[in-house]
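Undergrad: Handing you a structure now.
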Amino acid sequence: MQIGTRRAVLNPVSGDGDHADAVERLLSARGFAVSRTEGPGDALDLGRAAGEAGASEVAVAGGDGTVNEVLRGLARADHLDEVTLSVIPVGTANLLAGTIGVTDRRQAVEVADTGDVRTIDVGFADEEPFLVSCIAGLPAEASLAASSDLKSRFGTLAFLVTGAQEAIEFDGLDIALEAVGEDGPVSWSGSATCLLVGNARKFVERGGQADMEDGLLDVAIVERMPTGNLVAEAIGHRLLATDTEGVTHVRATALSVDGHGDPVTFSRDGEVTEHERLDIRVRERTLDLRVGPGYDPNQR
């Protein structure tokens, strides 16, 4: 492997922010040319630059949001199907890394160097890619409300704290959904607590990992519930993890979400945007991804 064909994007302020120098040394020793981000949007620009330069491998040291920025940059360079991506988990939640069997920084660098490669599905929301999930409603509002200070103090609990707070004032989503399901077309319309679309995550049954190699998105629509129930679900972290009464579950290749003229807040791998209408689809077996030895695409 020639030095120069491997690039790494390092977010020095992800997570606890004490990883940058050590991770850069480890990656450099494996032949990665490391670039640090300095502010919002830098990871996207560095991902696009890596794609335009024809990088064969790109490692991302950051959280799920940093990975998503790099992914978007690679997509804009039309390089998703020409690159092998790897993840160094130094963010707050690191959902993608946990899904693919990458457990710590040192092991992650070894995986980035010599780990097995799997070709996975990529979700697209209005042509912007995501690997983990695209969600709307209460969880997206809580993600938007969770301050950097709260995240640094409480980590993933920050989203539960703000989730409980947001639930008290949340008015619900008035949406219409049309999906191309594995068993045929699906239509749903009404007031929802949230819409959850997972590529690497599923949100009903036992929750947790979804199959990223099956060409399907796991979709859950949670109907509107009384505020008291919402708070209990948010605090218990059950809303995203278990099969709950009032949930419509669809496995789909594509779906469209219409807010009836009102903007709906979506969180796409942590990137928060608003859309009156959003088209979501999956592109099967699009991205090569290095995975840890514990990765099992069919894990349940």
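Letters A, B, ... go to the chains of the structure tokens in the order shown; residues in each chain start at 1; ligands are counted from 1 in the same order.
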Can you tell me which residues surround A:Arg201 at a distance of at most 7 Å, considering only C-alpha atoms, apart from same-chain residues fewer than 3 positions away, and format the answer as a PyMOL selection string?

TA: chain A and resi 132-133+198+208-210

Undergrad: Grab the residues selected above and save them as a PDB file, in the first residue's frame with N, CA and C atoms.

TA:
ATOM      1  N   VAL A 132     -26.112   4.858   9.834  1.00  0.00           N
ATOM      2  CA  VAL A 132     -26.757   4.347  11.034  1.00  0.00           C
ATOM      3  C   VAL A 132     -28.268   4.518  10.954  1.00  0.00           C
ATOM      4  N   SER A 133     -28.750   5.767  10.936  1.00  0.00           N
ATOM      5  CA  SER A 133     -30.192   5.990  10.985  1.00  0.00           C
ATOM      6  C   SER A 133     -30.553   7.392  10.536  1.00  0.00           C
ATOM      7  N   GLY A 198     -33.760   2.914  10.174  1.00  0.00           N
ATOM      8  CA  GLY A 198     -32.442   2.403  10.494  1.00  0.00           C
ATOM      9  C   GLY A 198     -31.814   1.631   9.353  1.00  0.00           C
ATOM     10  N   GLY A 208     -31.551  -2.728  18.605  1.00  0.00           N
ATOM     11  CA  GLY A 208     -30.131  -2.991  18.381  1.00  0.00           C
ATOM     12  C   GLY A 208     -29.763  -3.001  16.915  1.00  0.00           C
ATOM     13  N   GLN A 209     -28.928  -3.964  16.538  1.00  0.00           N
ATOM     14  CA  GLN A 209     -28.328  -3.967  15.215  1.00  0.00           C
ATOM     15  C   GLN A 209     -29.301  -4.443  14.141  1.00  0.00           C
ATOM     16  N   ALA A 210     -29.247  -3.763  13.013  1.00  0.00           N
ATOM     17  CA  ALA A 210     -29.951  -4.219  11.818  1.00  0.00           C
ATOM     18  C   ALA A 210     -28.925  -4.780  10.836  1.00  0.00           C
TER      19      ALA A 210
END

Undergrad: Could you pull out the residues in stretch 55-127 of chain A that DSSP calls strand (DSSP E) from the backbone, as a list in words?

TA: Glu57, Val58, Ala59, Val60, Ala61, Gly62, Thr84, Leu85, Ser86, Val87, Ile88, Pro89, Asp116, Val117, Arg118, Thr119, Ile120, Asp121, Val122, Gly123, Phe124 and Ala125 of chain A

Undergrad: Name the residues in contact with stretch 275-280 of chain A at a cut-off of 9 Å, using only C-alpha atoms, excluding same-chain residues fewer than 2 positions from it; report them as a list in words.

TA: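 In the requested format, the answer is Gly123, Phe124, Ala125, Asp126, Glu127, Cys134, Val197, Thr253, Ala254, Leu255, Ser256, Val257, Asp258, Gly259, His260, Gly261, Asp262, Pro263, Val264, Thr265, Phe266, Thr273 and Val282 of chain A.
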
Undergrad: Could you write out that same residue set with all heavy atoms as a compact mmCIF listing (two decimals), in the first residue's frame?

TA:
# COMPACT_ATOMS: atom_id res chain seq x y z
N GLY A 123 -27.84 4.24 3.24
CA GLY A 123 -29.11 4.94 3.12
C GLY A 123 -28.89 6.33 2.54
O GLY A 123 -27.84 6.94 2.74
N PHE A 124 -29.92 6.83 1.85
CA PHE A 124 -29.86 8.19 1.30
C PHE A 124 -31.16 8.91 1.65
O PHE A 124 -32.25 8.37 1.46
CB PHE A 124 -29.68 8.17 -0.22
CG PHE A 124 -28.29 7.84 -0.67
CD1 PHE A 124 -27.89 6.51 -0.77
CD2 PHE A 124 -27.36 8.84 -0.94
CE1 PHE A 124 -26.60 6.19 -1.16
CE2 PHE A 124 -26.08 8.53 -1.34
CZ PHE A 124 -25.70 7.20 -1.45
N ALA A 125 -31.04 10.12 2.18
CA ALA A 125 -32.17 10.97 2.48
C ALA A 125 -32.04 12.22 1.61
O ALA A 125 -31.16 13.05 1.85
CB ALA A 125 -32.20 11.35 3.96
N ASP A 126 -32.89 12.33 0.58
CA ASP A 126 -32.74 13.40 -0.42
C ASP A 126 -31.30 13.49 -0.90
O ASP A 126 -30.69 14.55 -0.93
CB ASP A 126 -33.20 14.74 0.16
CG ASP A 126 -34.70 14.93 0.01
OD1 ASP A 126 -35.37 14.02 -0.52
OD2 ASP A 126 -35.20 15.99 0.42
N GLU A 127 -30.73 12.33 -1.25
CA GLU A 127 -29.40 12.18 -1.82
C GLU A 127 -28.26 12.43 -0.85
O GLU A 127 -27.10 12.42 -1.24
CB GLU A 127 -29.23 13.08 -3.07
CG GLU A 127 -30.27 12.83 -4.15
CD GLU A 127 -30.38 11.35 -4.52
OE1 GLU A 127 -29.35 10.69 -4.70
OE2 GLU A 127 -31.52 10.85 -4.59
N CYS A 134 -31.83 7.54 10.19
CA CYS A 134 -32.42 8.84 9.91
C CYS A 134 -33.73 8.87 10.69
O CYS A 134 -34.62 8.05 10.45
CB CYS A 134 -32.68 9.01 8.41
SG CYS A 134 -33.39 10.62 7.96
N VAL A 197 -35.86 5.39 11.04
CA VAL A 197 -35.42 4.66 9.86
C VAL A 197 -33.98 4.21 10.10
O VAL A 197 -33.07 5.05 10.24
CB VAL A 197 -35.50 5.53 8.59
CG1 VAL A 197 -35.05 4.73 7.37
CG2 VAL A 197 -36.91 6.09 8.40
N THR A 253 -37.38 -0.67 0.93
CA THR A 253 -36.27 -0.21 0.10
C THR A 253 -36.32 1.30 -0.11
O THR A 253 -35.29 1.91 -0.43
CB THR A 253 -36.29 -0.90 -1.27
OG1 THR A 253 -37.55 -0.63 -1.91
CG2 THR A 253 -36.12 -2.41 -1.13
N ALA A 254 -37.50 1.89 0.07
CA ALA A 254 -37.65 3.33 -0.12
C ALA A 254 -38.90 3.81 0.59
O ALA A 254 -39.84 3.04 0.80
CB ALA A 254 -37.72 3.68 -1.61
N LEU A 255 -38.91 5.08 0.98
CA LEU A 255 -40.10 5.68 1.57
C LEU A 255 -40.06 7.18 1.37
O LEU A 255 -38.99 7.77 1.17
CB LEU A 255 -40.20 5.37 3.06
CG LEU A 255 -39.10 5.87 3.99
CD1 LEU A 255 -39.67 6.18 5.38
CD2 LEU A 255 -38.02 4.81 4.15
N SER A 256 -41.22 7.80 1.41
CA SER A 256 -41.33 9.24 1.36
C SER A 256 -42.14 9.70 2.57
O SER A 256 -43.11 9.04 2.95
CB SER A 256 -41.99 9.72 0.06
OG SER A 256 -43.31 9.23 -0.05
N VAL A 257 -41.72 10.83 3.15
CA VAL A 257 -42.35 11.37 4.35
C VAL A 257 -42.83 12.77 4.04
O VAL A 257 -42.02 13.62 3.61
CB VAL A 257 -41.38 11.39 5.54
CG1 VAL A 257 -42.11 11.84 6.80
CG2 VAL A 257 -40.72 10.04 5.74
N ASP A 258 -44.11 13.05 4.24
CA ASP A 258 -44.70 14.34 3.93
C ASP A 258 -45.22 14.97 5.22
O ASP A 258 -46.03 14.36 5.93
CB ASP A 258 -45.84 14.15 2.92
CG ASP A 258 -46.33 15.46 2.33
OD1 ASP A 258 -46.25 16.50 3.03
OD2 ASP A 258 -46.80 15.45 1.18
N GLY A 259 -44.76 16.18 5.52
CA GLY A 259 -45.20 16.89 6.72
C GLY A 259 -46.41 17.76 6.50
O GLY A 259 -46.69 18.64 7.34
N HIS A 260 -47.14 17.58 5.42
CA HIS A 260 -48.35 18.36 5.12
C HIS A 260 -48.06 19.86 5.13
O HIS A 260 -48.85 20.66 5.64
CB HIS A 260 -49.47 18.04 6.12
CG HIS A 260 -49.89 16.60 6.12
ND1 HIS A 260 -50.36 15.95 5.00
CD2 HIS A 260 -49.88 15.68 7.12
CE1 HIS A 260 -50.66 14.69 5.31
NE2 HIS A 260 -50.36 14.51 6.58
N GLY A 261 -46.93 20.24 4.56
CA GLY A 261 -46.59 21.66 4.44
C GLY A 261 -45.82 22.23 5.62
O GLY A 261 -45.33 23.36 5.55
N ASP A 262 -45.71 21.48 6.71
CA ASP A 262 -44.95 21.94 7.87
C ASP A 262 -43.57 21.29 7.89
O ASP A 262 -43.43 20.10 7.55
CB ASP A 262 -45.68 21.58 9.17
CG ASP A 262 -46.96 22.36 9.34
OD1 ASP A 262 -47.00 23.53 8.90
OD2 ASP A 262 -47.93 21.79 9.88
N PRO A 263 -42.54 22.03 8.30
CA PRO A 263 -41.19 21.44 8.35
C PRO A 263 -41.09 20.39 9.45
O PRO A 263 -41.60 20.57 10.55
CB PRO A 263 -40.28 22.64 8.64
CG PRO A 263 -41.17 23.66 9.26
CD PRO A 263 -42.53 23.46 8.68
N VAL A 264 -40.44 19.28 9.13
CA VAL A 264 -40.19 18.20 10.08
C VAL A 264 -38.70 18.13 10.34
O VAL A 264 -37.89 18.16 9.40
CB VAL A 264 -40.70 16.85 9.52
CG1 VAL A 264 -40.36 15.71 10.48
CG2 VAL A 264 -42.20 16.91 9.27
N THR A 265 -38.31 18.04 11.62
CA THR A 265 -36.90 17.95 11.98
C THR A 265 -36.44 16.50 11.89
O THR A 265 -37.02 15.60 12.51
CB THR A 265 -36.67 18.47 13.41
OG1 THR A 265 -37.07 19.84 13.49
CG2 THR A 265 -35.20 18.36 13.80
N PHE A 266 -35.38 16.28 11.11
CA PHE A 266 -34.78 14.96 10.96
C PHE A 266 -33.35 15.00 11.48
O PHE A 266 -32.64 16.00 11.33
CB PHE A 266 -34.73 14.53 9.49
CG PHE A 266 -36.07 14.20 8.88
CD1 PHE A 266 -36.87 15.21 8.36
CD2 PHE A 266 -36.52 12.90 8.82
CE1 PHE A 266 -38.10 14.92 7.79
CE2 PHE A 266 -37.75 12.60 8.25
CZ PHE A 266 -38.54 13.61 7.74
N THR A 273 -31.53 18.43 10.17
CA THR A 273 -32.05 19.26 9.09
C THR A 273 -33.57 19.28 9.17
O THR A 273 -34.18 18.47 9.88
CB THR A 273 -31.62 18.74 7.71
OG1 THR A 273 -32.03 17.37 7.57
CG2 THR A 273 -30.10 18.83 7.53
N VAL A 282 -32.51 3.14 0.02
CA VAL A 282 -31.28 2.42 0.33
C VAL A 282 -30.60 2.02 -0.98
O VAL A 282 -31.26 1.65 -1.94
CB VAL A 282 -31.56 1.18 1.21
CG1 VAL A 282 -32.40 0.16 0.47
CG2 VAL A 282 -30.27 0.57 1.73

Undergrad: Skipping near chain neighbours, those fewer than 5 positions away, what residues fall within 12 Å of A:Leu26 using only C-alpha atoms, listed as a PyMOL selection string?

TA: chain A and resi 8+10+19-21+31-34+59+61+88+105-113

Undergrad: What separation in Å, quoted to one decimal, exists between atom CA of A:Ile135 and atom CA of A:Thr66?

TA: 17.4 Å

Undergrad: Could you check which of A:Pro129, A:Pro89, A:Gly41, A:Gly47 is closest to A:Asp64, using only C-alpha atoms?

TA: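 Closest candidate: A:Pro89.
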
Undergrad: Do a neighbour search on A:Val60 at 12 Å with only C-alpha atoms, toss out local chain neighbours closer than 6 positions, and write the hits as a VMD selection string.

TA: chain A and resid 6 to 12 14 20 23 to 24 27 32 to 37 43 to 44 46 to 47 50 66 to 71 74 84 to 91 94 96 to 97 105 108 to 109 112 289 to 290

Undergrad: Any chance you could export the current selection's C-alpha atoms as a CSV table (one decimal), in the first residue's frame?

TA:
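And here's again_17.csv as it stands now:
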chain,number,residue,atom,x,y,z
A,6,ARG,CA,-4.5,6.2,2.7
A,7,ARG,CA,-6.0,9.2,4.3
A,8,ALA,CA,-7.5,9.8,7.8
A,9,VAL,CA,-9.8,12.5,9.1
A,10,LEU,CA,-9.4,13.2,12.8
A,11,ASN,CA,-11.8,15.3,14.8
A,12,PRO,CA,-9.7,16.4,17.8
A,14,SER,CA,-14.9,14.5,19.6
A,20,ALA,CA,-5.9,13.4,19.1
A,23,VAL,CA,-4.6,8.4,17.5
A,24,GLU,CA,-2.7,10.5,15.0
A,27,LEU,CA,-2.7,6.1,12.2
A,32,PHE,CA,-2.4,7.1,6.9
A,33,ALA,CA,-1.9,10.8,6.0
A,34,VAL,CA,-3.8,12.4,8.9
A,35,SER,CA,-5.8,15.7,8.6
A,36,ARG,CA,-7.4,17.3,11.6
A,37,THR,CA,-10.7,19.1,11.5
A,43,ALA,CA,-14.8,16.7,7.8
A,44,LEU,CA,-17.1,17.0,4.8
A,46,LEU,CA,-11.7,16.6,3.8
A,47,GLY,CA,-13.9,13.6,2.7
A,50,ALA,CA,-9.9,12.5,-0.3
A,66,THR,CA,-17.9,13.1,11.9
A,67,VAL,CA,-18.3,9.8,10.0
A,68,ASN,CA,-21.4,11.1,8.3
A,69,GLU,CA,-19.7,14.3,7.3
A,70,VAL,CA,-16.8,12.4,5.7
A,71,LEU,CA,-19.4,10.0,4.0
A,74,LEU,CA,-17.0,11.1,-0.4
A,84,THR,CA,-12.7,1.5,1.8
A,85,LEU,CA,-13.9,3.2,5.0
A,86,SER,CA,-12.8,2.5,8.6
A,87,VAL,CA,-13.9,4.0,11.9
A,88,ILE,CA,-11.9,5.0,15.0
A,89,PRO,CA,-14.5,5.5,17.8
A,90,VAL,CA,-13.6,8.6,19.8
A,91,GLY,CA,-17.1,10.2,19.9
A,94,ASN,CA,-20.1,5.6,18.5
A,96,LEU,CA,-21.6,2.6,14.0
A,97,ALA,CA,-18.4,1.3,15.6
A,105,ARG,CA,-9.1,3.1,19.7
A,108,ALA,CA,-9.8,0.3,15.7
A,109,VAL,CA,-6.5,1.3,14.2
A,112,ALA,CA,-8.3,0.2,9.8
A,289,LEU,CA,-16.2,-1.0,5.3
A,290,ARG,CA,-13.5,-2.5,7.5

Undergrad: If you count only C-alpha atoms, which residues fall within 12 Å of A:Leu195, apart from same-chain ones fewer than 3 positions away, as a PyMOL selection string?

TA: chain A and resi 133-141+172-177+188-192+198+202-204+218-224+239-240+247-250+255-259+264-268+278

Undergrad: Find the residues near A:Gly51: any atom within 6 Å, counting only C-alpha atoms, skip ones fewer than 4 places away on the same chain, and give them as an MDAnalysis selection string.

TA: chainID A and resid 55 74 77 79

Undergrad: Mind pulling up the distance from atom CA of A:Leu131 to atom CA of A:Gly101?

TA: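 Result for atom CA of A:Gly101 versus atom CA of A:Leu131: 15.0 Å, one decimal.
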
Undergrad: So how many Å separate atom CA of A:Asn199 and atom CA of A:Ser56, to one decimal?

TA: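 Pair atom CA of A:Asn199 / atom CA of A:Ser56 returns 23.8 Å.
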
Undergrad: Could you write out, as a ChimeraX atom specification, all the residues of stretch 11-185 of chain A that DSSP marks as helix (DSSP H, G or I)?

TA: /A:20-29,42-52,64-76,80-82,95-99,105-114,138-145,148-154,157-169
